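Some notes on the structure that comes next.
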Amino acid sequence: MKYIYLISKELFYVLAGAMVIFVIMEIVWPNIVLAYLNLNWLLIFWLIVGIFILLIYQEKTDD
Amino acid sequence: MQPKWVIKLRIILWVILAVAVIWLLDRAIVPSGKVSYVYDFKKDSRFIYNLTPKERVATVDGLSNKIIGDPVYFSLRTPRKFETAKLTISYQTVGAEHCSAPTCLPIVEAGILADKIVWRYDLQPIENKIINRLSMVWPVIYGQDGTMLLQRDASTTSTGSSQASSAQVKKYNTIDEFLKNLPDSSQIAAYNYNLKTKYNLPDYKAGKQENKIDYKLRGAYQFYTYIKNEDLNWQFNFSDLNLNKDSDPIDVNLYYEQGLIASRHLDDTGPGSPSTGSGQGDNGQTVNRGSISLDEANLPEGIYRIELHVNDDIVTNQIITKQTKLAFINKIWVTGEAKDVNLVTDTLSVSAQTQSPASLQNIKIGDKDLDLAETYKQYSQTTSGKITTIKLLKADVVLAGDGVFSFNQESLINPSLKKVDQNFDLNQSGINYIIARYTSPQWQNQWQVSQAEFDLTKAYTEFGKYTFLISVPGLKADDQDSDAILLKEIRVDLQGKSLWQKIGEVISKK
């Protein structure tokens, strides 16, 4: 469980970074990201990973 | 302390993100300056958008790729600026079994929006079936840049008046020889070629008195006039309908031999103008916009073109001039309360349209009737090909055609060469030479492939999007014919400055 928690945490951070970078890129240069990637899907994936981490963290502390 | 494998995983994930960012930047910057986008109608393209309007596009096997009405439009989004766009279209003409090849959808053209104020498209040929057919019968000389000269072969069978003219056909060996020693312009037709010919009226005498045209003309127009031993003298009075939200500047441009030689400008200072602040749109109140005088002295004898570059909010209330020649090119929109408006034209096919229900009427074109039965619908009527009168019972009708329009026959002049378009009739026209900048489409597995190149530096762009048009004159969505243009693929090859050229430019400027 610890491995999954650590992997998810790293993934969450990099997805958060991707969101921030992509949004900034879109503001500076419209359509540079949206032409290839729908940021809504990235946001949903990021939220799922975040919720998953919270659930694992709760299970870990319950143990 | 994090385990080592976590650090490795972190590095890998961030490297993947960095690679993704670099890839996106590369796609947007296009360092080489060359990129191609393809739309095959099977999958939405990120750069080439669907054909519109939907009423002119039919769906075949789930693909919206059948053009059934003229014209259709599509947009191209580019990630950055480019200089040229080479448009390649793969297509078939379908459902045209009921008519013979040169007469059925003879012209296919593609264009790019160059001027949004007057909705002008820079058109380039895709296919001209008349030239394709003639080039198999008449001898052809090919020159540089896709230029071709077709010369009537005296030995070919011809009918009527053209038989007589074929006997006098002089043969040229090169296009240069033709350009240096042009035959009479009545024998030449052109297509996508700007041929400079001398147009003089030997019997012309300068007018002495002022002429007033009190018909109200809406929107943009351009007209020919002629001067000889006189000053050019035009005065235009304007009003602004203030119907659209945009600013309504007025520009009058004077051209001689294709070059701009003088211009006048009138800023929009009323509602909706930049000076009244953002957010305050036009309010629908008609205001007087004053007048523009175009006076030029010591101009050489010849034909001049005057262009009024405005949007449809601007109405010309009055034109005052000392010139006697005034021929509106391709379009005229007489508006206001005028009744019984009489015009003359040399157009081969007159089309008419109105936005006003009060202007629905029966238009007399020569001895034919054109029933304007619905608003916002274009109706067409062919003419005899000679000078034809047009009688409007009520104004507010847009008249358009391939020739010129005037309010009386004396002021009608048309220096343009005959154009090889859908109205071209070889047997009646007495044409012995056709000069064109045109390349026939190539056949590739039952599909015709044709290319057109556009200068993007002169094209209109909004939010990084260019608007293209595919025009098939004569193709109507609401007729009973099943003729159509079926597209297989639209490909756009863009070319511009490379990243290194751009960096070099920036450095050299400093």
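In the structure tokens, each chain is lettered A, B, ... as it comes, each chain's residues begin at 1, and ligands are numbered from 1 in order of appearance.
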Specify as a list of chain:residue names all residues of chain A found within 7 Å of chain B, counting only C-alpha atoms. A:Glu10, A:Val14, A:Ala18, A:Ile32, A:Val33, A:Ala35
Just the strand (DSSP E) stuff from segment 18-169 of chain B, please, per backbone DSSP, written as an MDAnalysis selection string. chainID B and resid 34:39 57:60 63:67 72:77 84:94 107:115 120:128 140:142 147:151
Can you check which residues of segment 309-478 of chain B DSSP gives as alpha helix (DSSP H) on the backbone and send them as a list in words?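 For segment 309-478 of chain B, the alpha helix (DSSP H) set is Leu426, Asn427, Gln428 and Ser429 of chain B.
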Keeping only N, CA and C atoms, write the selected residues as a CSV table (one decimal), in the first residue's frame.
```
chain,number,residue,atom,x,y,z
B,426,LEU,N,-17.9,30.5,-76.4
B,426,LEU,CA,-16.9,30.6,-77.4
B,426,LEU,C,-17.4,31.0,-78.8
B,427,ASN,N,-18.6,30.4,-79.1
B,427,ASN,CA,-19.1,30.6,-80.5
B,427,ASN,C,-19.6,32.0,-80.7
B,428,GLN,N,-20.1,32.6,-79.6
B,428,GLN,CA,-20.6,34.0,-79.8
B,428,GLN,C,-19.6,35.1,-79.5
B,429,SER,N,-18.6,34.7,-78.8
B,429,SER,CA,-17.7,35.8,-78.3
B,429,SER,C,-16.6,36.2,-79.3
```
Can you work out which one of B:Pro125, B:Gly111, B:Pro106, B:Pro53 has the shortest atom-to-atom distance to Pro441 of chain B, counting only C-alpha atoms? B:Pro125
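Proximity of B:Asp184, B:Asp248, B:Asp481, B:Glu55 to Asp70 of chain B, computed with only C-alpha atoms, is greatest for B:Glu55.
The residue set within 8 Å of Thr335 of chain B, counting only C-alpha atoms and dropping same-chain residues fewer than 6 places from it, reads Tyr215, Lys216, Leu217, Arg218, Ala395, Asp396 and Val397 of chain B.
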Could you please take those selected residues and save C-alpha atoms as a short mmCIF file (atom, residue, chain, number, x, y, z; two decimals), in the first residue's frame?
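Everything below was put into again.cif:
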```cif
data_model
loop_
_atom_site.label_atom_id
_atom_site.label_comp_id
_atom_site.auth_asym_id
_atom_site.auth_seq_id
_atom_site.Cartn_x
_atom_site.Cartn_y
_atom_site.Cartn_z
CA TYR B 215 -29.74 57.36 -56.39
CA LYS B 216 -28.67 56.12 -52.98
CA LEU B 217 -26.06 53.38 -53.14
CA ARG B 218 -25.48 51.12 -50.17
CA ALA B 395 -34.96 50.01 -55.02
CA ASP B 396 -33.08 48.11 -52.30
CA VAL B 397 -31.98 45.30 -54.60
#
```
Using only C-alpha atoms, pick whichever of B:Ile12, B:Leu241, B:Val94, B:Ile188 has the shortest atom-to-atom distance to Asn311 of chain B.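 Closest candidate: B:Leu241.
The nearest approach to Leu51 of chain B among the residues B:Glu301, B:Lys325, B:Ile470, B:Asp483, with only C-alpha atoms taken into account, belongs to B:Ile470.
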Spatial neighbours of Ser498 of chain B, max dist 12 Å, only C-alpha atoms, sep filter under 2 positions, as a PyMOL selection string: chain B and resi 26+29-35+80-83+494-496+500-505
Tell me, as a list of chain:residue names, which residues lie within 8 Å of segment 45-47 of chain A, counting only C-alpha atoms; anything in the same chain fewer than 4 positions away does not count.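 Neighbouring residues, sequence-local ones excluded: A:Phe12, A:Leu15, A:Ala16, A:Trp41, A:Ile51.
The protein and nucleic acid residues lying at most 7 Å from Gly385 of chain B are Asp346, Thr347, Leu348, Thr383 and Ile387 of chain B, with only C-alpha atoms considered and sequence neighbours fewer than 2 positions away removed.
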Resulting file, chosen residues, C-alpha atoms, as a compact mmCIF listing (two decimals), in the first residue's frame:
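File again_22.txt, as written:
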```
# COMPACT_ATOMS: atom_id res chain seq x y z
CA ASP B 346 -23.24 44.21 -70.36
CA THR B 347 -23.36 41.32 -67.89
CA LEU B 348 -24.11 37.89 -69.35
CA THR B 383 -29.05 38.24 -70.91
CA ILE B 387 -26.13 45.94 -73.66
```
Calculate how many Å separate atom CA of Leu149 of chain B from atom CA of Asp455 of chain B, rounding to one decimal.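 Value for the atom CA of Leu149 of chain B-atom CA of Asp455 of chain B distance: 24.6 Å.
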Exercise: Ser64 of chain B partners within 8 Å, only C-alpha atoms, chain neighbours under 3 positions left out, as an MDAnalysis selection string: chainID B and resid 41 50:51 57:60
Please report the interatomic distance between atom CA of Gly207 of chain B and atom CA of Asp231 of chain B in Å with one decimal.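 One can read the atom CA of Gly207 of chain B to atom CA of Asp231 of chain B distance as 10.3 Å.
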Please, what distance in Å, to one decimal, runs between atom CA of Lys419 of chain B and atom CA of Val398 of chain B?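 Taking atom CA of Lys419 of chain B as the start and atom CA of Val398 of chain B as the end point, the length is 22.0 Å.
If you measure from each of B:Ile175, B:Ile250, B:Ile22, B:Leu456 to Asp145 of chain B using only C-alpha atoms, the closest one turns out to be B:Ile175.
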